[in-house]
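**Q** I'd like to ask you about the structure that follows.
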Amino acid sequence: MLNRIKPLQGALPYFIAGLAIITVWQIVVFLLQPSPAILPSPFKTANTLWELIQSGELFIHISASLSRVVSAWCLAALIAIPLGLIQGTNARFEKVFDPVVELFRPISPLAWIPLAILWFGIGESGKIFIIFVATFFPMLLNTVSGVKAVDPVMIRAGKILGCDSSFKLFIKVILPAAMPTILVGMRIAFGTGWAAIIAAELVAAQNGLGFLISDGMEILRSDLVLAGMVVIGVLGVLIDSIFRLIGKKVNWGQS
Amino acid sequence: MLNRIKPLQGALPYFIAGLAIITVWQIVVFLLQPSPAILPSPFKTANTLWELIQSGELFIHISASLSRVVSAWCLAALIAIPLGLIQGTNARFEKVFDPVVELFRPISPLAWIPLAILWFGIGESGKIFIIFVATFFPMLLNTVSGVKAVDPVMIRAGKILGCDSSFKLFIKVILPAAMPTILVGMRIAFGTGWAAIIAAELVAAQNGLGFLISDGMEILRSDLVLAGMVVIGVLGVLIDSIFRLIGKKVNWGQS
Amino acid sequence: TTDVNIGVQPATQPIYIAKAAGYLQPIEEKYDVNFVFHSFSYGAPENQALATGAIDLASAGMGPAIIASARLPAQLLAITILEQTAILVPSDSTITSVADLKGKKVAYPGKGSQQFPLLIKALSDAGLDINDIELFKTKGSNVGQLVTQKDVDAGITWDPHVSKALASGEAKVLIKAEEILPLKSNHYIGNGFYGRTDFIDNNPELVQDLMGSIVQAIELIKSEPETAIDYWQKEIGFPKDVISFSINQQVSVYSTDISPDASTVEKFTTFLQDAGILEASDTPKFNETFAKNAMK
Amino acid sequence: MINNQVTQKSSSKGILIQNVSKMFYNAEGEGIEALKPVNLDIKAGEFVAVIGPSGCGKSTLLNIIAGFESATAGSVWVDGEKITQPSIDRGMVFQQYALFPWLNVSENVEFGLKQMQVPAEERKKIVHSFLELVGLQEFANASIMALSGGMKQRVALARVFCTNPSIILMDEPFGALDALTRSMLQDELLAIWKEYEKTVVLITHSVQEALVLANRIVVITNRPGKIKLDIDINLPYPRDKKSLEFRELEAQILSQLTDEIAKNYGVKPKSLTAD
Amino acid sequence: MINNQVTQKSSSKGILIQNVSKMFYNAEGEGIEALKPVNLDIKAGEFVAVIGPSGCGKSTLLNIIAGFESATAGSVWVDGEKITQPSIDRGMVFQQYALFPWLNVSENVEFGLKQMQVPAEERKKIVHSFLELVGLQEFANASIMALSGGMKQRVALARVFCTNPSIILMDEPFGALDALTRSMLQDELLAIWKEYEKTVVLITHSVQEALVLANRIVVITNRPGKIKLDIDINLPYPRDKKSLEFRELEAQILSQLTDEIAKNYGVKPKSLTAD
Ligand SMILES: Nc1ncnc2c1ncn2[C@@H]1O[C@H](COP(=O)(O)OP(=O)(O)OP(=O)(O)O)[C@@H](O)[C@H]1O
Ligand SMILES: Nc1ncnc2c1ncn2[C@@H]1O[C@H](COP(=O)(O)OP(=O)(O)OP(=O)(O)O)[C@@H](O)[C@H]1O
Ligand SMILES: [Mg+2]
Ligand SMILES: [Mg+2]
């Protein structure tokens, strides 16, 4: 099949999906007639969103949250991917390091809040730490599994073609060979990072989408909550489609 | 290498890891001297843990949380894996379904609380729903990527050896071929499920480790918080080692 | 036997004393019901549960209580704790008045809390407004930690978090709520009891008896504080020293006058409207007949 | 389309390839023509060997016959039915083995039989006899990962033979085998072909192999592949490699092939210095 | 250990294989003996062909020489140095191609040169000339996925040749190639070998190929492999397949091999009914 996707055509399914969700949402509102304090109509939400846009408030929240998620995610990538590369190739390191990972992995970002405050106080770093916790593990796990799945014959080929140090071998063979799986980990991690934004912004925040949502919940302004969720969802899709683009370039595994 | 791991020997690295963590913890307490209301000493926490065990309370919390996580996780597996198999093989379905997934994926379990209450009330199902949300996406994404990475020649071999329906092909070829990646997704999902337990048990829970932790925070009992975190970590490791065992059986990709 | 679902929070609410002292049991027998307590760590999910009908009655901070009464088909029935809130500063802080907060970092537990408008009121009384300080939203339970760690210069929160911070000796009170906004018997109001209007309309006698048991509980708190402290410790798991500190130092104040009288509610409403939490059109619904009858 | 006029349904037995052509598109959307329109009428029971230079489209043609890929134009008919999908009645031995790594050796061989719902006991027997045929009875429970290249190919052969398909498609099946194993399996193939009157399409690089086995040889040109030579081999079996007819046919086919292949290497590289 | 007494350091050039044996262990911990102690002294500049039945341990031996696997006992010395790890000076053509799918054809060929830090411009030239050598200049920018089996093997050959290693290890490199491409590349291999005095170890299934190329042929027995025949081939190049000496040597080696391989198939399967 000839598969040249034009940018606009690529966005089409997202519009359709968005429309479908809005329709279902409107039907639920129509059928269940929930209190608007819990589930306002799409129209009400759109209205609130528009007000947030006009006042410029939304962009402050978006940029605050986005910069937190991106920083945490980059930090996690910088640490998790090299660690994963080592863990995936060095059985001895894995034996010692993996139990530590597994002990910490299931602990919720919410549970880290007191410690985040203890260590980092109210600055950005505490919030970034919470999101970091949420993004670190999926990246690590996918990197390890990607590395382990690298065809041993590739590694041999790399070695005999002059990758005489582990580092060269990592960079030239293991990393690109594991890249498709690592990218999935990075994609998943971005999602979990976004999902941790509410918890993170419970640590002394002044702004951010998580702040908007948890604040909205407290004052029973579900329109704000929904508006925040919509923005997170849409941003998530946008960022994910960037990954998808990169993925297409890297995903040599498929035609 | 001859690699027959005896059960006790297998547990050794975990003990070492645990010991290392406790040592670091004790050093932090010693150096920072944080208020015990924020970070109690390992000894204090162990003491609390022991009391929880003796009173039998701990087991009630564990079984409550565990049954929630397991139910949600099984439910997610039942839905996400078939969906992922379809999405990974059917490009048309993916085009429509994927944007929906990407819109919902970055939305925090915390943000789902109001809707969980709306749809499921404050019983078990609402809590399971929140954990479900947290487990669903990693499973789906890994299944899709696992399926897409299946060597096309395997699919051809399956077809010509009599898998004449898509269903047979799924069961006999695509599923086992993608199994290693799917299992990673299931492992990750179990972790994210555990991590969502606090959010889930914020809603009218009477028991559970998440309840123990968030309640501990509210009632100023950091020793309970830490004890809960330790138990979640240790259970996480135990469950993860089960996956690891299964993984070894299924992970035909490696020697 | 039908279940009556009551939302509670892990705080020193009198309803726990009513339960522990056995005041609820006769009511359960009389109406053939079963009181089920559902614990929420903060007001937001509790109000959401109320909105869907998952709970019938709720005990929560005054902020969530008034917001629910204004925005949901619900009514405020009683004011069950007075006071409870204070602005804290580190014990060695040089801040001695609210006016000194200018340009400082202040932690607060979110807009939905009553602490937020109270802070605004305190500031405006001192000739400041919200833009004169730097605000940090966090969980109520973390405010004390931020203050004692000196990550912020001040923080506003409720009890038992106030007592906990004070008991540690690393924080002191800058100003108590009663000095900012004396609403009822020269105290501020801290905790409300409210319920879904349809439930109240359908079960007036039960609600009446329940109010009676709350008054009874408050009487017990006042006459035998040590017993009450034991009950709370047993029911919620609070550390005993913190609750003792709270009761003995009057950080939390209880009064058998639980009536949500019109003037108090009105003042509080205007106060929330001024703070931009309630909109001008929001009028909280309240019903003081039950409380009045119970106090007799 | 040009070829519409000739796509009337054929009622004859065998494989009818009508005007089949194939284009591939790379990521930039550029087309590569892998097969020029090919016409070929393979009668039931024929043993056809396909020879041609590397990359000329042999595997592509076989994939289209198997039903894995659809032709860009034209169509393939088997026993009068147009091919739209693969079927267990057309067995295939893949160039890359295509064994299932999550199954052990005997489970791999058993796979097709299971799909055909052959009873377990019978399955065991069949699997056993075919593992014996390829000399791997000892490795019945071995993991695929623990096999050498040639052993893998033998498993793949056993897997296809045991389902007894009426058409056998083979993509260089004997390339990785040692001489004797190869000639043993070739003999078995011939025996199976004759006894059960199968139709065989075999891709090979060895003219000798083609001449030993096939009763028809098709030579495909350089990419885009089209048929350059289509010749019936009427020598009696077993074929005598030293007979004059054999030698003459070998020379004829080789010369055709040499012409074709030489086109790939227009100018021979002069300098081979590597540093 | 038994073999300790003979592991004194050799100062001679070439490859010295001393008492090398290899055991594999499966998941249950059972051992499979892949190689019995093997001794072989390959002098620098020799062209050794290794023949043996499928699964006898040929690839295993080559992997140990390359430095990929360690011998269970014994050791391998190259130019007097004990082998502990792979080196770019020992090039290897793998049985399964082992191309890097994330690189295109010319990037794959360029890979080793990059590691050797050959300047970009020179790299380009070398890559170009070797792609020409294997007849793939047109496919320089093609993705690996878009190549046929034989084309992949040609890329793998170009990748190894272009780094100019002094030892070339080859695991059935010509199996997937058509006759002419094969003989062209065989000629090139011979030319490179002679001109640059390389040491070559070639695994093949074809006795003819071994006789055309090698000046020494080693036959390995059935698993566990050990050396059964080790014979110098002193015929002049280019070898004449029709000469009497060639024929005699072919017959001699084939008969040795036949004995070996026949052991794999003790009893020929009687019944081949598949349903
Ligand atoms: N998926 C693909 N995408 C793009 N081009 C392809 C693809 N598959 C094959 N081709 C091209 O089609 C041509 C024919 O390929 P095919 O695999 O049929 O060759 P072949 O005759 O089997 O060669 P060999 O003998 O080397 O196996 C080749 O030039 C190849 O580059
Ligand atoms: N990773 C492994 N685990 C267990 N056994 C193995 C492994 N690799 C190879 N073997 C066994 O070792 C023996 C020799 O294998 P090897 O690959 O060296 O054979 P070969 O001579 O190259 O065969 P072929 O000509 O078929 O490629 C085989 O019997 C095989 O089953
Ligand atoms: Mg091919
Ligand atoms: Mg081999």
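Scheme for the structure tokens: letters A, B, ... for chains in order shown; per-chain residue numbers from 1; ligand numbers from 1 in order shown.
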Looking only at the backbone, which of the residues in range 55-269 of chain D does DSSP tag as strand (DSSP E), as a count of residues only?

**A** 33

**Q** Can you tell me which residues come within 9 Å of ligand 1 when counting only C-alpha atoms and all ligand atoms, ideally as a PyMOL selection string?

**A** (chain A and resi 255) or (chain D and resi 22-27+31-35+51-63+95+171-172+203-205+220+222-225) or (chain E and resi 139+142-153+176-178)

**Q** Could you please select, counting only C-alpha atoms, the residues of chain B within 7 Å of chain D and state them as a list in words?

**A** Val153, Met154, Arg156, Ala157, Lys159, Ile160, Leu161, Gly162, Cys163, Pro176 and Trp252 of chain B

**Q** Identify which of the residues E:Asn141, E:Asn19, E:Ser206, E:Gln252 lies closest to ligand 2, counting only C-alpha atoms and all ligand atoms when measuring atom-to-atom distances.

**A**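 Looking only at the distances to ligand 2, the closest residue turns out to be E:Ser206.
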
**Q** Show me, as an mmCIF file with C-alpha atoms, in the first residue's frame, every residue of chain B with an atom at most 6 Å from chain A, counting only C-alpha atoms.

**A**
```
data_model
loop_
_atom_site.group_PDB
_atom_site.id
_atom_site.type_symbol
_atom_site.label_atom_id
_atom_site.label_comp_id
_atom_site.auth_asym_id
_atom_site.auth_seq_id
_atom_site.Cartn_x
_atom_site.Cartn_y
_atom_site.Cartn_z
ATOM 1 C CA PRO B 13 19.702 -10.139 46.258
ATOM 2 C CA TYR B 14 16.367 -8.935 47.583
ATOM 3 C CA ALA B 17 18.699 -4.663 48.457
ATOM 4 C CA VAL B 96 -10.013 5.145 14.977
ATOM 5 C CA PRO B 99 -6.742 8.612 19.240
ATOM 6 C CA VAL B 100 -9.361 7.756 21.844
ATOM 7 C CA GLU B 102 -4.299 8.718 23.563
ATOM 8 C CA LEU B 103 -6.860 11.244 24.725
ATOM 9 C CA PHE B 104 -7.637 9.285 27.862
ATOM 10 C CA PRO B 106 -2.639 10.918 30.296
ATOM 11 C CA ILE B 107 -5.590 11.524 32.600
ATOM 12 C CA SER B 108 -4.692 10.828 36.197
ATOM 13 C CA GLY B 191 3.187 -1.739 39.281
ATOM 14 C CA TRP B 194 -0.281 -0.776 42.972
ATOM 15 C CA ALA B 195 0.689 2.832 42.576
ATOM 16 C CA GLY B 233 7.102 -2.439 48.049
ATOM 17 C CA VAL B 234 7.656 -5.920 49.398
ATOM 18 C CA GLY B 236 5.334 -5.618 44.662
ATOM 19 C CA VAL B 237 8.612 -7.499 44.638
#
```

**Q** Using DSSP on the backbone coordinates, identify all residues within range 32-207 of chain E classified as helix (DSSP H, G or I); present the result as an NGL selection string.

**A** :E and (58-66 or 105-115 or 120-133 or 137-139 or 144-146 or 149-161 or 179-196 or 207)

**Q** D:Pro173, D:Lys82, D:Ile126, D:Val48: which is nearest ligand 3, counting only C-alpha atoms and all ligand atoms?

**A**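 So, comparing all the options, the nearest one is D:Pro173.
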